[in-house]
Structures are given as C-alpha cells and as structure tokens.
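*Asks:* Contents of my_file20.csv (CSV, C-alpha atoms) are below:
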chain,number,residue,atom,x,y,z
A,130,MET,CA,-15.2,4.9,-19.1
A,131,LYS,CA,-13.1,7.0,-16.7
A,132,ILE,CA,-11.9,5.1,-13.7
A,133,VAL,CA,-10.1,6.3,-10.5
A,134,ILE,CA,-8.3,3.8,-8.2
A,135,ASN,CA,-7.5,5.0,-4.7
A,136,ARG,CA,-4.3,3.3,-3.6
A,137,SER,CA,-2.9,6.1,-1.4
A,138,ASP,CA,-0.7,4.0,1.0
A,139,ALA,CA,2.5,2.1,0.6
A,140,ILE,CA,4.9,1.2,-2.2
A,141,GLY,CA,4.3,-2.5,-2.2
A,142,ASP,CA,0.5,-2.1,-2.0
A,143,THR,CA,0.5,0.1,-5.0
A,144,LEU,CA,2.7,-2.3,-7.0
A,145,LEU,CA,0.3,-5.1,-6.2
A,146,THR,CA,-2.7,-3.0,-7.4
A,147,LEU,CA,-1.2,-2.5,-10.9
A,148,PRO,CA,-2.5,-6.0,-12.0
A,149,MET,CA,-6.0,-4.7,-11.3
A,150,ALA,CA,-5.4,-1.8,-13.7
A,151,LYS,CA,-4.0,-4.2,-16.3
A,152,LYS,CA,-7.0,-6.4,-16.1
A,153,LEU,CA,-9.3,-3.3,-16.5
A,154,LYS,CA,-7.4,-2.3,-19.6
A,155,LYS,CA,-7.8,-5.8,-21.1
A,156,HIS,CA,-11.6,-5.8,-20.4
A,157,PHE,CA,-12.2,-2.2,-21.4
A,158,PRO,CA,-9.4,-1.3,-23.8
A,159,SER,CA,-10.5,2.4,-24.2
A,160,CYS,CA,-10.9,3.1,-20.5
A,161,HIS,CA,-8.9,5.9,-18.9
A,162,ILE,CA,-7.4,4.9,-15.5
A,163,THR,CA,-6.2,7.4,-12.9
A,164,PHE,CA,-4.5,6.4,-9.6
A,165,ILE,CA,-4.7,8.3,-6.4
A,166,VAL,CA,-1.4,7.7,-4.7
A,167,SER,CA,0.7,9.0,-1.8
A,168,PRO,CA,3.6,11.4,-2.6
A,169,LYS,CA,6.2,8.7,-2.0
A,170,THR,CA,4.7,6.1,-4.4
A,171,ALA,CA,4.0,8.4,-7.4
A,172,PRO,CA,7.3,7.6,-9.2
A,173,VAL,CA,6.4,3.9,-9.4
A,174,LEU,CA,3.6,4.8,-11.9
A,175,MET,CA,5.6,7.0,-14.3
A,176,GLY,CA,5.5,5.7,-17.9
A,177,ASN,CA,3.2,2.7,-17.0
A,178,PRO,CA,1.0,1.8,-19.9
A,179,SER,CA,-1.8,0.7,-17.6
A,180,VAL,CA,-2.0,4.0,-15.8
A,181,ASP,CA,-3.1,7.1,-17.8
A,182,ASP,CA,-2.7,9.6,-15.0
A,183,TYR,CA,-2.2,9.8,-11.2
A,184,TRP,CA,-3.2,12.3,-8.6
A,185,VAL,CA,-1.1,12.8,-5.5
A,186,TYR,CA,-3.0,12.6,-2.2
A,187,ASP,CA,-1.0,14.3,0.5
A,188,LYS,CA,-2.3,13.6,4.1
A,189,GLN,CA,-0.2,16.5,5.3
A,190,VAL,CA,-2.8,18.8,3.6
A,191,SER,CA,-5.9,19.6,5.6
A,192,ALA,CA,-8.8,17.1,5.2
A,193,ILE,CA,-11.2,19.8,4.0
A,194,LYS,CA,-8.8,21.0,1.3
A,195,ASN,CA,-8.2,17.4,0.1
A,196,ILE,CA,-11.9,16.7,-0.1
A,197,VAL,CA,-12.6,20.0,-2.0
A,198,ASN,CA,-9.7,19.4,-4.4
A,199,LEU,CA,-10.6,15.8,-5.1
A,200,ARG,CA,-14.3,16.5,-5.6
A,201,GLU,CA,-13.4,19.2,-8.1
A,202,LYS,CA,-11.1,16.8,-10.0
A,203,PHE,CA,-13.8,14.1,-10.1
A,204,SER,CA,-16.3,16.5,-11.6
A,205,LYS,CA,-13.9,18.2,-14.0
A,206,GLU,CA,-12.5,14.9,-15.3
A,207,LYS,CA,-16.0,13.4,-15.5
A,208,ILE,CA,-15.0,10.3,-13.5
A,209,ASP,CA,-17.8,7.7,-13.6
A,210,THR,CA,-16.1,4.8,-11.8
A,211,TYR,CA,-14.3,4.8,-8.5
A,212,PHE,CA,-12.5,2.1,-6.6
A,213,HIS,CA,-11.2,2.2,-3.0
A,214,VAL,CA,-8.4,-0.4,-2.7
A,215,GLY,CA,-6.3,1.0,0.1
A,216,GLY,CA,-5.2,4.2,1.9
A,217,GLY,CA,-7.2,7.1,3.1
A,218,HIS,CA,-11.0,7.2,3.0
A,219,LEU,CA,-11.4,10.9,2.2
A,220,PRO,CA,-11.1,10.2,-1.5
A,221,SER,CA,-14.1,7.9,-1.2
A,222,LEU,CA,-16.1,10.6,0.6
A,223,ALA,CA,-15.1,13.1,-2.2
A,224,ALA,CA,-16.3,10.5,-4.8
A,225,LEU,CA,-19.6,10.2,-3.0
A,226,MET,CA,-20.0,14.0,-2.9
A,227,ALA,CA,-19.1,14.3,-6.6
A,228,GLY,CA,-22.0,12.0,-7.4
A,229,ILE,CA,-19.9,9.2,-8.9
A,230,ARG,CA,-22.5,6.5,-9.4
A,231,TYR,CA,-20.2,3.4,-9.4
A,232,ARG,CA,-18.1,3.4,-6.2
A,233,GLY,CA,-16.5,0.0,-5.7
A,234,GLY,CA,-13.6,-1.5,-3.9
A,235,LEU,CA,-12.8,-3.2,-0.7
A,236,LEU,CA,-15.4,-3.3,2.1
A,237,ASN,CA,-13.3,-3.5,5.2
A,238,LYS,CA,-13.4,-0.5,7.5
A,239,TRP,CA,-16.8,0.8,8.8
A,240,GLN,CA,-16.6,3.9,6.5
A,241,THR,CA,-16.5,1.8,3.4
A,242,PHE,CA,-20.0,0.4,4.0
A,243,PHE,CA,-21.7,3.7,3.4
A,244,LEU,CA,-19.1,5.3,1.1
A,245,LEU,CA,-19.1,2.5,-1.5
A,246,ASN,CA,-22.2,1.2,-3.2
A,247,LYS,CA,-20.5,-1.6,-5.3
A,248,GLY,CA,-18.0,-2.7,-2.8
A,249,VAL,CA,-16.8,-6.3,-2.3
A,250,ARG,CA,-16.5,-8.0,1.1
A,251,GLN,CA,-13.3,-10.0,1.3
A,252,ARG,CA,-11.9,-11.9,4.2
A,253,ARG,CA,-8.3,-11.4,3.4
A,254,SER,CA,-7.2,-12.6,6.8
A,255,LEU,CA,-8.1,-16.1,5.6
A,256,VAL,CA,-5.1,-15.7,3.2
A,257,GLU,CA,-6.5,-17.8,0.4
A,258,MET,CA,-4.7,-16.0,-2.4
A,259,HIS,CA,-2.1,-13.3,-3.3
A,260,GLU,CA,-2.8,-9.7,-2.5
A,261,SER,CA,-2.7,-8.8,-6.2
A,262,GLU,CA,-5.5,-11.4,-6.9
A,263,TYR,CA,-7.6,-10.1,-4.1
A,264,ASN,CA,-7.3,-6.7,-5.7
A,265,ILE,CA,-8.3,-8.0,-9.2
A,266,ASN,CA,-11.4,-9.7,-7.7
A,267,LEU,CA,-12.7,-6.3,-6.6
A,268,LEU,CA,-13.7,-6.0,-10.3
A,269,GLN,CA,-16.4,-8.7,-10.1
A,270,PRO,CA,-19.4,-6.3,-9.8
A,271,LEU,CA,-18.3,-4.9,-13.2
A,272,GLY,CA,-18.7,-8.4,-14.7
A,273,ILE,CA,-15.0,-9.0,-14.8
A,274,ASP,CA,-14.0,-12.5,-13.7
A,275,TYR,CA,-10.4,-13.6,-13.0
A,276,HIS,CA,-8.7,-17.0,-13.3
A,277,TYR,CA,-5.3,-17.7,-11.8
A,278,SER,CA,-4.1,-18.7,-15.3
A,279,GLU,CA,-4.2,-15.0,-16.2
A,280,ARG,CA,-1.7,-14.1,-13.5
A,281,GLU,CA,1.3,-13.6,-15.6
A,282,SER,CA,-0.6,-11.5,-18.2
A,283,CYS,CA,-1.6,-9.1,-15.4
A,284,ALA,CA,2.0,-8.7,-14.0
A,285,PRO,CA,3.0,-5.3,-12.6
A,286,GLU,CA,5.6,-3.3,-14.4
A,287,ILE,CA,8.1,-0.5,-13.6
A,288,LEU,CA,9.4,1.1,-16.8
A,289,PHE,CA,12.5,3.2,-17.4
A,290,GLU,CA,14.1,4.8,-20.5
A,291,LYS,CA,17.7,3.6,-21.0
A,292,GLU,CA,19.0,7.1,-20.6
A,293,GLU,CA,17.3,7.5,-17.2
A,294,LYS,CA,18.8,4.3,-15.9
A,295,GLN,CA,22.3,5.2,-17.1
A,296,LYS,CA,22.2,8.7,-15.6
A,297,ALA,CA,21.2,7.3,-12.2
A,298,LEU,CA,23.9,4.7,-12.3
A,299,ASN,CA,26.6,7.3,-13.3
A,300,ASP,CA,25.5,9.6,-10.5
A,301,PHE,CA,25.5,6.6,-8.1
A,302,GLN,CA,29.0,5.7,-9.2
A,303,LYS,CA,30.2,9.2,-8.4
A,304,ASP,CA,28.6,9.1,-4.9
A,305,VAL,CA,30.4,5.8,-4.2
A,306,ALA,CA,33.7,7.2,-5.3
A,307,GLU,CA,33.3,10.3,-3.1
A,308,LYS,CA,33.2,7.9,-0.1
A,309,LYS,CA,36.5,6.4,-1.3
A,310,ILE,CA,34.7,3.1,-2.0
A,311,LEU,CA,35.7,1.1,-5.1
A,312,PHE,CA,32.7,0.9,-7.4
A,313,LYS,CA,32.1,-2.6,-8.9
A,314,ASN,CA,29.7,-3.4,-11.7
A,315,GLU,CA,28.3,-6.2,-9.7
A,316,MET,CA,26.2,-5.2,-6.7
A,317,ILE,CA,24.3,-6.8,-3.9
A,318,PHE,CA,21.6,-4.7,-2.3
A,319,ILE,CA,20.9,-5.4,1.4
A,320,HIS,CA,17.8,-3.7,2.8
A,321,PRO,CA,17.5,-4.5,6.5
A,322,GLY,CA,14.8,-1.9,7.3
A,323,MET,CA,11.1,-2.5,7.6
A,324,THR,CA,8.9,-0.2,9.6
A,325,GLY,CA,5.5,-1.4,10.6
A,326,HIS,CA,4.2,-4.5,12.4
A,327,THR,CA,5.8,-7.2,10.4
A,328,LEU,CA,8.5,-9.2,12.1
A,329,ASN,CA,12.2,-8.5,11.2
A,330,TRP,CA,15.4,-10.4,10.9
A,331,SER,CA,18.1,-9.0,13.1
A,332,SER,CA,20.7,-6.3,12.0
A,333,LYS,CA,23.5,-8.5,13.2
A,334,ASN,CA,22.5,-11.3,10.8
A,335,TYR,CA,22.5,-9.0,7.8
A,336,ALA,CA,26.0,-7.9,8.7
A,337,ARG,CA,27.2,-11.5,9.1
A,338,LEU,CA,25.6,-12.3,5.8
A,339,ILE,CA,27.6,-9.6,4.0
A,340,LEU,CA,30.8,-11.0,5.5
A,341,LYS,CA,30.1,-14.5,4.4
A,342,LEU,CA,29.3,-13.4,0.9
A,343,GLU,CA,32.5,-11.4,0.7
A,344,LYS,CA,34.5,-14.4,1.8
A,345,LYS,CA,32.8,-16.6,-0.7
A,346,PHE,CA,33.1,-14.1,-3.6
A,347,PRO,CA,36.2,-12.0,-2.6
A,348,ASP,CA,36.4,-8.5,-4.2
A,349,ARG,CA,33.6,-9.3,-6.6
A,350,PHE,CA,30.7,-7.3,-5.3
A,351,LEU,CA,29.9,-3.8,-4.0
A,352,PHE,CA,27.5,-4.3,-1.0
A,353,VAL,CA,24.8,-1.5,-1.0
A,354,LEU,CA,23.1,-1.0,2.3
A,355,SER,CA,19.9,0.7,1.3
A,356,PHE,CA,17.5,2.6,3.7
A,357,THR,CA,15.3,5.6,4.2
A,358,GLN,CA,15.1,7.8,7.2
A,359,SER,CA,12.0,6.0,8.5
A,360,ASP,CA,13.9,2.7,8.9
A,361,LYS,CA,17.3,4.2,9.8
A,362,ARG,CA,17.4,2.4,13.2
A,363,TYR,CA,17.8,-0.9,11.3
A,364,ILE,CA,20.7,0.4,9.2
A,365,ASP,CA,22.3,1.8,12.4
A,366,GLY,CA,22.2,-1.7,13.8
A,367,VAL,CA,24.0,-3.1,10.8
A,368,ARG,CA,26.5,-0.2,10.8
A,369,LYS,CA,27.3,-0.8,14.5
A,370,GLU,CA,28.0,-4.5,13.8
A,371,LEU,CA,30.2,-3.7,10.7
A,372,GLY,CA,32.2,-1.4,12.9
A,373,GLN,CA,33.6,-4.3,14.9
A,374,LYS,CA,37.1,-5.5,14.4
A,375,SER,CA,36.0,-8.8,12.7
A,376,PHE,CA,34.4,-6.9,9.9
A,377,THR,CA,37.4,-4.6,8.9
A,378,CYS,CA,37.8,-6.4,5.6
A,379,LEU,CA,34.5,-4.8,4.5
A,380,GLU,CA,35.5,-1.1,5.1
A,381,ASP,CA,35.8,-0.2,1.4
A,382,LYS,CA,33.2,-2.6,0.1
A,383,VAL,CA,30.0,-1.4,1.7
A,384,PHE,CA,28.1,1.8,0.6
A,385,HIS,CA,25.2,3.2,2.6
A,386,PHE,CA,22.6,4.3,0.2
A,387,ASP,CA,19.8,6.6,1.5
A,388,GLY,CA,17.1,6.1,-1.1
A,389,GLY,CA,15.3,9.3,0.1
A,390,LEU,CA,18.0,11.7,-0.9
A,391,LYS,CA,17.5,11.7,-4.6
A,392,GLY,CA,14.0,10.2,-4.6
A,393,LEU,CA,12.4,6.8,-5.3
A,394,ARG,CA,12.8,7.1,-9.1
A,395,ASN,CA,16.5,7.4,-8.7
A,396,TYR,CA,16.6,4.6,-6.2
A,397,MET,CA,14.7,2.2,-8.5
A,398,ALA,CA,16.9,3.0,-11.4
A,399,VAL,CA,20.1,2.1,-9.5
A,400,LEU,CA,18.4,-0.9,-7.9
A,401,SER,CA,17.5,-2.3,-11.4
A,402,ASN,CA,21.3,-2.8,-12.0
A,403,ALA,CA,21.8,-5.0,-8.9
A,404,ASP,CA,22.7,-8.7,-9.2
A,405,LEU,CA,20.9,-9.6,-6.0
A,406,PHE,CA,18.6,-8.1,-3.4
A,407,VAL,CA,18.2,-9.4,0.2
A,408,GLY,CA,15.5,-8.0,2.4
A,409,PRO,CA,12.4,-8.6,4.4
A,410,SER,CA,8.7,-8.3,3.5
A,411,THR,CA,8.7,-4.6,2.5
A,412,GLY,CA,8.1,-2.4,-0.5
A,413,THR,CA,11.7,-2.4,-1.7
A,414,THR,CA,11.6,-6.2,-2.0
A,415,HIS,CA,8.6,-5.9,-4.3
A,416,LEU,CA,10.4,-3.2,-6.3
A,417,ALA,CA,13.4,-5.4,-6.8
A,418,ASN,CA,11.2,-8.3,-7.8
A,419,VAL,CA,9.2,-6.3,-10.4
A,420,LEU,CA,12.5,-4.8,-11.7
A,421,GLY,CA,13.8,-8.3,-12.5
A,422,VAL,CA,16.5,-8.4,-9.8
A,423,LYS,CA,17.2,-11.8,-8.1
A,424,ILE,CA,15.9,-11.7,-4.5
A,425,VAL,CA,16.3,-13.5,-1.2
A,426,THR,CA,13.5,-12.4,1.1
A,427,ILE,CA,12.7,-13.3,4.7
A,428,TYR,CA,9.0,-13.5,5.8
A,429,SER,CA,7.2,-13.8,9.0
A,430,PRO,CA,5.1,-17.0,9.8
A,431,ILE,CA,2.2,-15.0,11.2
A,432,LYS,CA,-0.8,-15.8,8.9
A,433,VAL,CA,-1.8,-12.4,7.6
A,434,GLN,CA,1.9,-11.6,7.0
A,435,THR,CA,2.8,-14.8,5.1
A,436,SER,CA,4.3,-14.9,1.6
A,437,LEU,CA,1.2,-16.6,0.2
A,438,ARG,CA,-0.6,-13.2,0.5
A,439,TRP,CA,2.3,-10.7,0.5
A,440,GLY,CA,5.1,-12.6,-1.2
A,441,PRO,CA,6.9,-11.4,-4.4
A,442,PHE,CA,4.7,-11.4,-7.5
A,443,PHE,CA,7.2,-13.3,-9.5
A,444,ARG,CA,8.2,-16.5,-7.7
A,445,ASP,CA,10.2,-18.7,-10.1
A,446,THR,CA,13.0,-20.5,-8.2
A,447,GLU,CA,15.7,-19.3,-10.6
A,448,THR,CA,15.4,-15.8,-9.4
A,449,VAL,CA,13.5,-15.8,-6.1
A,450,ARG,CA,14.0,-17.5,-2.7
A,451,VAL,CA,11.5,-16.9,0.1
A,452,ILE,CA,12.6,-18.0,3.5
A,453,VAL,CA,10.2,-18.4,6.5
A,454,PRO,CA,11.1,-19.6,10.0
A,455,ASP,CA,10.5,-23.3,10.4
A,456,VAL,CA,7.9,-23.1,13.1
A,457,VAL,CA,4.2,-23.8,13.5
A,458,CYS,CA,2.8,-20.3,14.1
A,459,GLY,CA,-0.7,-20.3,15.5
A,460,GLU,CA,-1.0,-16.5,15.4
A,461,LYS,CA,-3.3,-14.9,12.8
A,462,PHE,CA,-2.7,-11.1,13.1
A,463,GLN,CA,0.3,-10.3,15.4
A,464,CYS,CA,3.1,-11.9,17.4
A,465,ALA,CA,2.1,-13.3,20.8
A,466,GLY,CA,5.4,-12.2,22.3
A,467,SER,CA,7.1,-14.1,25.0
A,468,SER,CA,4.0,-16.3,25.6
A,469,CYS,CA,4.7,-18.0,22.3
A,470,LEU,CA,6.5,-21.3,22.3
A,471,TYR,CA,8.5,-20.0,19.3
A,472,TYR,CA,9.1,-16.5,20.6
A,473,GLU,CA,11.8,-14.7,18.5
A,474,CYS,CA,11.1,-17.1,15.7
A,475,MET,CA,12.8,-14.9,13.1
A,476,GLU,CA,16.1,-15.8,14.8
A,477,LYS,CA,15.5,-19.4,13.8
A,478,VAL,CA,16.4,-18.3,10.2
A,479,GLU,CA,20.1,-19.0,10.2
A,480,VAL,CA,22.6,-16.8,8.4
A,481,ASP,CA,23.8,-20.0,6.6
A,482,GLU,CA,20.4,-20.6,5.2
A,483,VAL,CA,20.1,-17.1,3.7
A,484,PHE,CA,23.7,-17.3,2.5
A,485,GLU,CA,23.1,-20.7,0.7
A,486,SER,CA,20.0,-19.2,-1.1
A,487,ALA,CA,22.0,-16.1,-2.1
A,488,LYS,CA,24.9,-18.3,-3.3
A,489,GLN,CA,22.6,-20.5,-5.4
A,490,LEU,CA,21.1,-17.5,-7.2
A,491,LEU,CA,24.5,-15.8,-7.8
A,492,ASN,CA,25.8,-19.1,-9.2
A,493,ASN,CA,22.6,-19.7,-11.2
A,494,GLU,CA,22.0,-23.0,-9.3
A,495,LYS,CA,18.5,-24.5,-9.1
A,496,ALA,CA,16.8,-25.0,-5.8
What do you get writing this file as structure tokens?
*Replies:*
Amino acid sequence: MKIVINRSDAIGDTLLTLPMAKKLKKHFPSCHITFIVSPKTAPVLMGNPSVDDYWVYDKQVSAIKNIVNLREKFSKEKIDTYFHVGGGHLPSLAALMAGIRYRGGLLNKWQTFFLLNKGVRQRRSLVEMHESEYNINLLQPLGIDYHYSERESCAPEILFEKEEKQKALNDFQKDVAEKKILFKNEMIFIHPGMTGHTLNWSSKNYARLILKLEKKFPDRFLFVLSFTQSDKRYIDGVRKELGQKSFTCLEDKVFHFDGGLKGLRNYMAVLSNADLFVGPSTGTTHLANVLGVKIVTIYSPIKVQTSLRWGPFFRDTETVRVIVPDVVCGEKFQCAGSSCLYYECMEKVEVDEVFESAKQLLNNEKA
C-alpha cells in the first residue's frame, strides 16, 4: 500500500498530521507513506519513522508545472491511496488525473467534493476534539477506528542525531558571542510573532515578561527572541520596548534569533536545548512542545482558535501551561472588534499571570 498525504500548509498543521501517519503505520505496518509539504515545513519530517518520503510542493511554481510533476510522481511511484488534509488543492487534482482510486481526506472546500471520492465531512468549527484527532478520523473509510486512549501512542515526533544538535548549538553560541552577548547554558525562548488571523498578546507585555524573569532569576538565563521575517513587526515592537531606559539591565542578555537565516532544521535543533518557551498559538509553539521543551502559551478565546482544537499535543501540567483570557467569548470564527463587550480581550492576560506560570515551570512547581 503506497499512501500520499497532502499537508502542504503550515508547520503546526503538519506536526498535527503526523499522528495520522503513525496510526496508518500501526494498522498497515508495511505501508509506504509520502507527505506532500510546503518548502518551509520539509525539515520537520526528516528522520521521522512514520514518514518514508516527502515531496515539496512549491506554490511559487506554475500551477500547470506542479500538476504535471505531481501526476508523473503519482504514476511513477504507483501511489494507490491519497489523502488531502490541508494545503493546496492542485495535488488532489493531480491525484484524480493520475487515476488514484482511493482519494480521501477532508471535505471542506467546494473543490474537495468532486476531487475526493472517499472524503470525510467534518464540522471542525464545532471544536469537539483536537486537530490531530480530527486528522486521524479521516481514516475511517479505510476501516480504521480511533479511540482517545490511543492518543499518546500516536504522538508526533521530531528527531535529531546528537551530532546535529550539538553542531547547531555550537554555531548558535558563536553567533551570540559575535553580538557581545554572554551565552548561558540555560535559555528562555520568547516568540512574540504570529502572522495570520489568530489574536496576539502585545509586544510590550513580552518585553515586560522578560524583565520580570530577569529580576526573579538574575544572570541565570539567556533570553532568545525568535522570529522570522514574516512576523518581524512583532519582534520590532519588543525591540522598541526593550530600548527604553527601564530595560537597560537586559542589554547583554537578549539575543534576537532569526530562525529563517539558517533554516528550520537549525532553529529546531537550537530550540530543543531551551529550558522554557513562551509564545502564542503558532507553529513554533507546537515545535517546542513536540521537542520536549516546557512551554507557556497564550491562546485566543474565539471558538475555532481555542486550545481544545489547536492546543499543544502534550498537555501535562508539569511541562505546559495554556493561558486564555478570562472572558465569555461569543464569537465562533473571528473577533467582533470594538462591538464586543470584551474587545482587546488578550490584554486581560496579565504579565504577572504569564510570569507565575513560567516561574512554576522553571521551579518545577505543580499547578
């Protein structure tokens, strides 16, 4: 059985589809699984035992060329089973043109209703389970049933060789030294950026959090402000705040880490050495969680954005804190703006609340 899973969108989405591949391997041990992924997410799959191969689907390439290339690959590799889980729909069209008899996946957009013949209709907006479980349930037409007791056995993984992690850390240490910042073996990653429609915590609050952590744990941590160019405006907000006089004690303790410079694989290898990660509902939060880093993450109260569906896969209280504004949000899909009684609800999350959660995790205190 040769299976292709189309997951050609974001990092977090791809991570939360890996449990689907793991479940397939358990049910069909000899199956061969190939992922179709975007260029930025390919490094997540390297060395993963549940993924035998991956094809990079680049939307910058013309649609016709992508369809022709994918159709040829489907035929050459003798693919017999295809799943559309997320991302572009051209791979589904190529699968149809290649004559793949089983075309399953998520029936959501209008295209999927004629491109997929074994699709599953799911009302994910009801938020009845985690995204990873919705993905696994797409396997039902194959006779594969899922029970929540199997969740841990289907957990996503990111794997590194010891040498790869050490090289990335050594290079990172040199980069830090070049900025005349003292490298410390203990690191706290702060990732304030989050492009897209999900609500954000303010840049000012992230800066104030760093200051409170430094005062509580003086000279103990290197604070790593991580970002990519797509969310640079958020990091600029933190940088501006840190430039104020009251933050001068942090001048040689904060390193700005552009994860795009040396690639995602390098970023993940460095991140895996962190003692704590603080960030919003974004792909890097899922990376930190799967890598085993303790995390404090701040989520929107809007229904389709909630942590029940999009929260970290691993949720034990000794390593994870999920913080949500204490409001009764009546919105299902997007913020109602100034007409909402709780407008700017993310500002109701106090710096002290995030700080206390971070302190508990760093001190190994139970919630």
*Asks:* Hey, can you check how far atom CA of A:Pro321 sits from atom CA of A:Ile339?
*Replies:*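 It comes out at 11.6 Å.
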*Asks:* May I ask for the distance between atom CA of A:Leu328 and atom CA of A:Ile452, given in Å to one decimal place?
*Replies:*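 Separation of atom CA of A:Leu328 and atom CA of A:Ile452: 13.0 Å.
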*Asks:* A:Tyr428, A:Phe406, A:Tyr363, A:Phe212: which is nearest A:Leu491, counting all atoms listed in the file?
*Replies:*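 Checking each of A:Tyr428, A:Phe406, A:Tyr363, A:Phe212 against A:Leu491, counting all atoms listed in the file, the winner is A:Phe406.
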*Asks:* Within 12 Å of A:Thr357, counting only C-alpha atoms, which residues show up once you throw out same-chain ones fewer than 4 positions away? Write them as a PyMOL selection string, please.
*Replies:* chain A and resi 169+320-324+361-365+385-393+396+412-413
*Asks:* Rounded to one decimal, what separation in Å do you get between atom CA of A:Ala465 and atom CA of A:Gly366?
*Replies:* 24.2 Å
*Asks:* Against stretch 289-307 of chain A, which residues of stretch 373-395 of chain A fall within 9 Å? For each one I want the closest pair of atoms and the distance in Å (one decimal), counting all atoms listed in the file, rows by chain and increasing residue number, as a Markdown table.
*Replies:*
| residue | atom | partner | partner_atom | distance |
| --- | --- | --- | --- | --- |
| A:Phe384 | CA | A:Val305 | CA | 6.7 |
| A:His385 | CA | A:Val305 | CA | 8.9 |
| A:Arg394 | CA | A:Ala297 | CA | 9.0 |
| A:Asn395 | CA | A:Ala297 | CA | 5.9 |
*Asks:* Under the rule that all atoms listed in the file are counted, which of A:Glu370, A:Phe350, A:Ala417, A:Glu262 is the nearest residue to A:Asp274?
*Replies:* A:Glu262
*Asks:* Determine, counting only C-alpha atoms, every residue of protein, DNA or RNA that lies within 9 Å of (-9.9, 6.2, -1.3) in the file coordinates, then give the result as a list of chain:residue names.
*Replies:* A:Ile134, A:Asn135, A:Arg136, A:Ser137, A:Ile165, A:Tyr211, A:Phe212, A:His213, A:Val214, A:Gly215, A:Gly216, A:Gly217, A:His218, A:Leu219, A:Pro220, A:Ser221, A:Leu222, A:Ala223, A:Ala224, A:Gly234
*Asks:* Excluding A:Asp348 and its own-chain neighbours fewer than 6 positions away, which residues fall within 12 Å of it when counting only C-alpha atoms? Please give them as a list in words.
*Replies:*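 Contacts, with the query itself left out: Ile310, Leu311, Phe312, Lys313, Asn314, Glu315, Met316, Leu340, Leu342, Cys378, Leu379, Glu380, Asp381, Lys382 and Val383 of chain A.
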*Asks:* Mind listing whatever residues come within 7 Å of the point (-19.0, 5.3, -8.5)? Use all atoms listed in the file, file coordinates, and give them as a list in words.
*Replies:*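 Those residues, ordered by chain and then number, are Asp209, Thr210, Tyr211, Ala224, Ile229, Arg230, Tyr231, Arg232 and Gly233 of chain A.
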*Asks:* How would the residues just picked look written out with C-alpha atoms as a PDB file, in the frame of the given file?
*Replies:*
ATOM      1  CA  ASP A 209     -17.800   7.700 -13.600  1.00  0.00           C
ATOM      2  CA  THR A 210     -16.100   4.800 -11.800  1.00  0.00           C
ATOM      3  CA  TYR A 211     -14.300   4.800  -8.500  1.00  0.00           C
ATOM      4  CA  ALA A 224     -16.300  10.500  -4.800  1.00  0.00           C
ATOM      5  CA  ILE A 229     -19.900   9.200  -8.900  1.00  0.00           C
ATOM      6  CA  ARG A 230     -22.500   6.500  -9.400  1.00  0.00           C
ATOM      7  CA  TYR A 231     -20.200   3.400  -9.400  1.00  0.00           C
ATOM      8  CA  ARG A 232     -18.100   3.400  -6.200  1.00  0.00           C
ATOM      9  CA  GLY A 233     -16.500   0.000  -5.700  1.00  0.00           C
TER      10      GLY A 233
END
*Asks:* Would you mind listing what lies within 10 Å of A:Arg280 as a PyMOL selection string, with only C-alpha atoms counted and same-chain residues fewer than 6 positions away left out?
*Replies:* chain A and resi 148+152+261-262+265+442-443
*Asks:* Of the candidates A:Ala336, A:Leu147, A:Ile431, A:Leu416, which one gets nearest to A:Cys474 if we count all atoms listed in the file?
*Replies:* A:Ile431
*Asks:* Neighbours of A:Gly141 within 10 Å (all atoms listed in the file; same-chain residues fewer than 3 positions away dropped), as a list in words?
*Replies:*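 These residues fall inside the cut-off: Asp138, Leu144, Leu145, Thr146, Thr170, Val173, Ser410, Thr411, Gly412, Thr413, Thr414, His415, Leu416, Trp439 and Pro441 of chain A.
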*Asks:* Give the answer as one residue: which of A:Leu199, A:Met258, A:Met130, A:Leu351 has the shortest atom-to-atom distance to A:Tyr277, using all atoms listed in the file?
*Replies:*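 For A:Tyr277, the nearest of the given residues is A:Met258.
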*Asks:* Using only C-alpha atoms, can you tell me which of A:Gln373, A:Thr446, A:Gln251, A:Asn237 comes closest to A:Asn266?
*Replies:* A:Gln251
